[in-house]
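**Student:** I'd like to ask some things about the structure below.
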Amino acid sequence: MSTEYSSINLIFSSLYSRISGIQSGTIDYSNKVHPHHQIDILKEKLFEFDYSEALRHIDVSIKMIDEVKLELPSILHPIAFEEVFNHGSPGAWFEKKSAEKVRQDVVEIISTELSYYSTELAFLRKKVIRFIDEFETELAPMDNKIQTNLSVDQLGSLFRILIETDLLKETDKMELCRRISKTFASKRKTNISVSNLYTAMFDALDNTGFEYWSKKLPEMSGKILKIKRDK
């Protein structure tokens with residue numbers, strides 16, 4: 001794991017340590033853990049960063065949690081549990097259960113714990129974005145902004161398309177949104193909310209802006225051909 005995001009170890013080092021103990025039969029898998037403790041420590045760690053850096057840490061954490069949830073069945077391999085039953089000395093909490101049943105229980109318990117982390121981090125993420133919006137004071141003067149005939153959703157989805165098609169290099173999502181907000185005005189708003197723009201670009205699953213561009217791009221292609229003919 002990259003040291004750049006070492007704060008994420010607060011979640012995963014504890015998690016993998018428990019998984020190792022469970023698989024060796026030395027930890028009672030039925031014991032309830034208190035993941036809020038790790039979240040509280042992580043929050044304190046995130047306060048050491050500026051908002052943009054904190055947001056990057058949260059995004060990486062959520063991505064890793066989602067990946068681990070998908071890989072849990074393979075991480076918690078049946079062979080490891082069978083070895084405890086066949087060659088080890090499992091504790092009383094393993095009694096009267098098959099190795100596969102124990103494994104299924106552990107997958108469910110760990111998955112629930114990871115879901116808790118995801119929910120808490122998603123909530124924290126919204127708060128960070130809101131703080132960024134509230135403290136964003138370096139807006140460009142109104143008369144210096146480029147006026148568009150696009151809604152915030154349409155503008156955000158346009159830049160997302162440019163990123164996804166490698167026409168624009170995205171290095172920092174929040175910084176990119178700040179620059180767009182300072183440079184462009186939407187059809188109805190001169191000062192575009194950074195958080196609204198961020199949501200339109202990276203969060204909204206039902207963003208109507210993408211539907212707009214799916215219809216607009218073919219029209220633009222026709223315009224390009226006309227420009228070439230008129231030259």
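The way I read the labels, and the way they are meant: chains A, B, ... in the order of the structure tokens, residue 1 as the first residue of every chain, and ligand 1 as the first ligand shown, with later ones counted on from there.
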When you look at Ser195 of chain A with a cut-off of 12 Å (counting only C-alpha atoms), what residues show up, excluding the ones that are within fewer than 2 positions of it in the same chain? I need them as an mmCIF file with N, CA, C and O atoms, in the first residue's frame.
**Tutor:**
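Output saved as out_19.cif:
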```
data_model
loop_
_atom_site.group_PDB
_atom_site.id
_atom_site.type_symbol
_atom_site.label_atom_id
_atom_site.label_comp_id
_atom_site.auth_asym_id
_atom_site.auth_seq_id
_atom_site.Cartn_x
_atom_site.Cartn_y
_atom_site.Cartn_z
ATOM 1 N N SER A 52 -8.561 19.152 -0.061
ATOM 2 C CA SER A 52 -8.377 18.398 -1.303
ATOM 3 C C SER A 52 -7.631 17.096 -1.048
ATOM 4 O O SER A 52 -7.979 16.038 -1.584
ATOM 5 N N LEU A 55 -9.831 14.644 0.725
ATOM 6 C CA LEU A 55 -10.783 14.040 -0.210
ATOM 7 C C LEU A 55 -10.126 12.920 -1.003
ATOM 8 O O LEU A 55 -10.735 11.877 -1.250
ATOM 9 N N ARG A 125 -17.132 12.266 3.194
ATOM 10 C CA ARG A 125 -16.768 12.821 1.888
ATOM 11 C C ARG A 125 -17.678 13.998 1.527
ATOM 12 O O ARG A 125 -17.221 15.036 1.042
ATOM 13 N N LYS A 126 -18.979 13.834 1.773
ATOM 14 C CA LYS A 126 -19.928 14.911 1.493
ATOM 15 C C LYS A 126 -19.625 16.141 2.342
ATOM 16 O O LYS A 126 -19.729 17.279 1.873
ATOM 17 N N LYS A 127 -19.247 15.910 3.599
ATOM 18 C CA LYS A 127 -18.927 17.026 4.485
ATOM 19 C C LYS A 127 -17.694 17.775 3.991
ATOM 20 O O LYS A 127 -17.656 19.007 4.008
ATOM 21 N N VAL A 128 -16.689 17.029 3.548
ATOM 22 C CA VAL A 128 -15.458 17.661 3.059
ATOM 23 C C VAL A 128 -15.756 18.510 1.829
ATOM 24 O O VAL A 128 -15.288 19.648 1.712
ATOM 25 N N ILE A 129 -16.547 17.955 0.909
ATOM 26 C CA ILE A 129 -16.898 18.705 -0.304
ATOM 27 C C ILE A 129 -17.670 19.969 0.059
ATOM 28 O O ILE A 129 -17.460 21.037 -0.526
ATOM 29 N N ARG A 130 -18.557 19.859 1.043
ATOM 30 C CA ARG A 130 -19.329 21.030 1.474
ATOM 31 C C ARG A 130 -18.410 22.089 2.082
ATOM 32 O O ARG A 130 -18.567 23.288 1.823
ATOM 33 N N PHE A 131 -17.432 21.651 2.870
ATOM 34 C CA PHE A 131 -16.477 22.596 3.452
ATOM 35 C C PHE A 131 -15.673 23.299 2.355
ATOM 36 O O PHE A 131 -15.415 24.500 2.433
ATOM 37 N N ILE A 132 -15.285 22.533 1.351
ATOM 38 C CA ILE A 132 -14.533 23.123 0.235
ATOM 39 C C ILE A 132 -15.358 24.216 -0.419
ATOM 40 O O ILE A 132 -14.859 25.293 -0.755
ATOM 41 N N ASP A 133 -16.637 23.932 -0.587
ATOM 42 C CA ASP A 133 -17.537 24.906 -1.199
ATOM 43 C C ASP A 133 -17.650 26.169 -0.349
ATOM 44 O O ASP A 133 -17.598 27.288 -0.849
ATOM 45 N N GLU A 134 -17.799 25.975 0.953
ATOM 46 C CA GLU A 134 -18.003 27.111 1.856
ATOM 47 C C GLU A 134 -16.771 28.009 1.945
ATOM 48 O O GLU A 134 -16.884 29.224 2.094
ATOM 49 N N PHE A 135 -15.605 27.384 1.859
ATOM 50 C CA PHE A 135 -14.371 28.154 2.016
ATOM 51 C C PHE A 135 -13.727 28.537 0.685
ATOM 52 O O PHE A 135 -12.622 29.060 0.653
ATOM 53 N N GLU A 136 -14.438 28.248 -0.403
ATOM 54 C CA GLU A 136 -13.909 28.614 -1.715
ATOM 55 C C GLU A 136 -14.175 30.100 -1.952
ATOM 56 O O GLU A 136 -15.283 30.515 -2.257
ATOM 57 N N VAL A 152 -24.996 23.156 -15.317
ATOM 58 C CA VAL A 152 -23.869 22.635 -14.534
ATOM 59 C C VAL A 152 -23.659 21.154 -14.847
ATOM 60 O O VAL A 152 -22.522 20.697 -15.004
ATOM 61 N N ASP A 153 -24.748 20.392 -14.955
ATOM 62 C CA ASP A 153 -24.647 18.969 -15.299
ATOM 63 C C ASP A 153 -23.986 18.774 -16.662
ATOM 64 O O ASP A 153 -23.133 17.899 -16.838
ATOM 65 N N GLY A 156 -20.251 19.806 -16.430
ATOM 66 C CA GLY A 156 -19.490 18.797 -15.698
ATOM 67 C C GLY A 156 -19.300 17.525 -16.502
ATOM 68 O O GLY A 156 -18.204 16.962 -16.549
ATOM 69 N N LYS A 173 -8.986 15.891 -8.961
ATOM 70 C CA LYS A 173 -10.395 16.113 -9.291
ATOM 71 C C LYS A 173 -10.923 17.424 -8.722
ATOM 72 O O LYS A 173 -11.583 18.200 -9.415
ATOM 73 N N MET A 174 -10.642 17.655 -7.449
ATOM 74 C CA MET A 174 -11.184 18.853 -6.817
ATOM 75 C C MET A 174 -10.551 20.120 -7.378
ATOM 76 O O MET A 174 -11.230 21.121 -7.600
ATOM 77 N N GLU A 175 -9.246 20.078 -7.630
ATOM 78 C CA GLU A 175 -8.577 21.251 -8.188
ATOM 79 C C GLU A 175 -9.102 21.550 -9.588
ATOM 80 O O GLU A 175 -9.268 22.713 -9.971
ATOM 81 N N LEU A 176 -9.378 20.506 -10.360
ATOM 82 C CA LEU A 176 -9.946 20.697 -11.693
ATOM 83 C C LEU A 176 -11.307 21.384 -11.590
ATOM 84 O O LEU A 176 -11.604 22.324 -12.340
ATOM 85 N N CYS A 177 -12.133 20.938 -10.647
ATOM 86 C CA CYS A 177 -13.454 21.555 -10.462
ATOM 87 C C CYS A 177 -13.325 23.014 -10.047
ATOM 88 O O CYS A 177 -14.101 23.868 -10.479
ATOM 89 N N ARG A 178 -12.346 23.303 -9.220
ATOM 90 C CA ARG A 178 -12.119 24.689 -8.807
ATOM 91 C C ARG A 178 -11.783 25.564 -10.009
ATOM 92 O O ARG A 178 -12.299 26.671 -10.163
ATOM 93 N N ILE A 180 -12.433 25.028 -13.196
ATOM 94 C CA ILE A 180 -13.596 25.168 -14.081
ATOM 95 C C ILE A 180 -14.558 26.195 -13.501
ATOM 96 O O ILE A 180 -15.092 27.052 -14.211
ATOM 97 N N SER A 181 -14.775 26.116 -12.184
ATOM 98 C CA SER A 181 -15.687 27.042 -11.511
ATOM 99 C C SER A 181 -15.214 28.484 -11.634
ATOM 100 O O SER A 181 -16.018 29.408 -11.781
ATOM 101 N N ASN A 191 -21.498 32.065 -10.752
ATOM 102 C CA ASN A 191 -20.628 31.366 -9.805
ATOM 103 C C ASN A 191 -21.131 29.937 -9.628
ATOM 104 O O ASN A 191 -22.148 29.702 -8.970
ATOM 105 N N ILE A 192 -20.422 29.005 -10.209
ATOM 106 C CA ILE A 192 -20.815 27.596 -10.131
ATOM 107 C C ILE A 192 -20.285 27.000 -8.836
ATOM 108 O O ILE A 192 -19.106 27.153 -8.506
ATOM 109 N N SER A 193 -21.143 26.324 -8.110
ATOM 110 C CA SER A 193 -20.730 25.646 -6.885
ATOM 111 C C SER A 193 -19.724 24.544 -7.215
ATOM 112 O O SER A 193 -19.968 23.706 -8.080
ATOM 113 N N LEU A 197 -20.474 20.975 -9.147
ATOM 114 C CA LEU A 197 -19.714 20.606 -10.336
ATOM 115 C C LEU A 197 -19.025 19.256 -10.133
ATOM 116 O O LEU A 197 -19.024 18.397 -11.022
ATOM 117 N N TYR A 198 -18.466 19.066 -8.947
ATOM 118 C CA TYR A 198 -17.801 17.796 -8.621
ATOM 119 C C TYR A 198 -18.802 16.640 -8.710
ATOM 120 O O TYR A 198 -18.516 15.584 -9.266
ATOM 121 N N THR A 199 -19.991 16.875 -8.165
ATOM 122 C CA THR A 199 -21.035 15.850 -8.214
ATOM 123 C C THR A 199 -21.421 15.537 -9.653
ATOM 124 O O THR A 199 -21.570 14.370 -10.033
ATOM 125 N N ALA A 200 -21.577 16.581 -10.466
ATOM 126 C CA ALA A 200 -21.956 16.388 -11.870
ATOM 127 C C ALA A 200 -20.895 15.609 -12.636
ATOM 128 O O ALA A 200 -21.210 14.802 -13.513
ATOM 129 N N MET A 201 -19.631 15.825 -12.277
ATOM 130 C CA MET A 201 -18.535 15.183 -13.003
ATOM 131 C C MET A 201 -18.254 13.762 -12.532
ATOM 132 O O MET A 201 -17.978 12.874 -13.340
ATOM 133 N N PHE A 202 -18.328 13.533 -11.231
ATOM 134 C CA PHE A 202 -17.800 12.275 -10.702
ATOM 135 C C PHE A 202 -18.773 11.441 -9.875
ATOM 136 O O PHE A 202 -18.521 10.269 -9.639
ATOM 137 N N ASP A 203 -19.876 12.030 -9.425
ATOM 138 C CA ASP A 203 -20.743 11.306 -8.496
ATOM 139 C C ASP A 203 -22.102 10.922 -9.061
ATOM 140 O O ASP A 203 -22.628 9.861 -8.750
ATOM 141 N N ALA A 204 -22.693 11.802 -9.839
ATOM 142 C CA ALA A 204 -24.090 11.609 -10.241
ATOM 143 C C ALA A 204 -24.240 10.461 -11.236
ATOM 144 O O ALA A 204 -23.692 10.502 -12.334
#
```
**Student:** Show me, as a list in words, the residues that have an atom within 7 Å of Ile146 of chain A when counting only C-alpha atoms, minus same-chain residues fewer than 3 positions from it.
**Tutor:** Thr183, Phe184 and Ala185 of chain A
**Student:** May I have the selected residues written with N, CA and C atoms, as a PDB file, in the first residue's frame?
**Tutor:**
```pdb
ATOM      1  N   THR A 183     -13.390  29.650 -14.059  1.00  0.00           N
ATOM      2  CA  THR A 183     -13.219  30.052 -15.457  1.00  0.00           C
ATOM      3  C   THR A 183     -14.527  30.139 -16.228  1.00  0.00           C
ATOM      4  N   PHE A 184     -15.472  29.246 -15.901  1.00  0.00           N
ATOM      5  CA  PHE A 184     -16.696  29.150 -16.695  1.00  0.00           C
ATOM      6  C   PHE A 184     -17.933  29.547 -15.893  1.00  0.00           C
ATOM      7  N   ALA A 185     -18.904  30.096 -16.609  1.00  0.00           N
ATOM      8  CA  ALA A 185     -20.230  30.353 -16.046  1.00  0.00           C
ATOM      9  C   ALA A 185     -21.217  29.444 -16.765  1.00  0.00           C
TER      10      ALA A 185
END
```
**Student:** Please compute the atom CA of Ala99 of chain A-atom CA of Leu76 of chain A distance, one decimal, in Å.
**Tutor:**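 Calculated distance between atom CA of Ala99 of chain A and atom CA of Leu76 of chain A is 11.3 Å.
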**Student:** In Å, rounded to a single decimal, give me how far atom CA of Glu164 of chain A is from atom CA of Glu71 of chain A.
**Tutor:**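 Atom CA of Glu164 of chain A lies at a distance of 26.0 Å from atom CA of Glu71 of chain A.
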**Student:** Apply DSSP to the structure's backbone, then extract all residues of segment 129-191 of chain A labelled strand (DSSP E) and return them as a PyMOL selection string.
**Tutor:** chain A and resi 146-147+184-185
**Student:** So how far away is atom CA of Ile65 of chain A from atom CA of Leu124 of chain A, in Å?
**Tutor:** 14.9 Å
**Student:** For Lys215 of chain A, which residue among A:Phe123, A:Lys189, A:Lys101, A:Gln154 is the nearest when counting only C-alpha atoms?
**Tutor:** A:Gln154
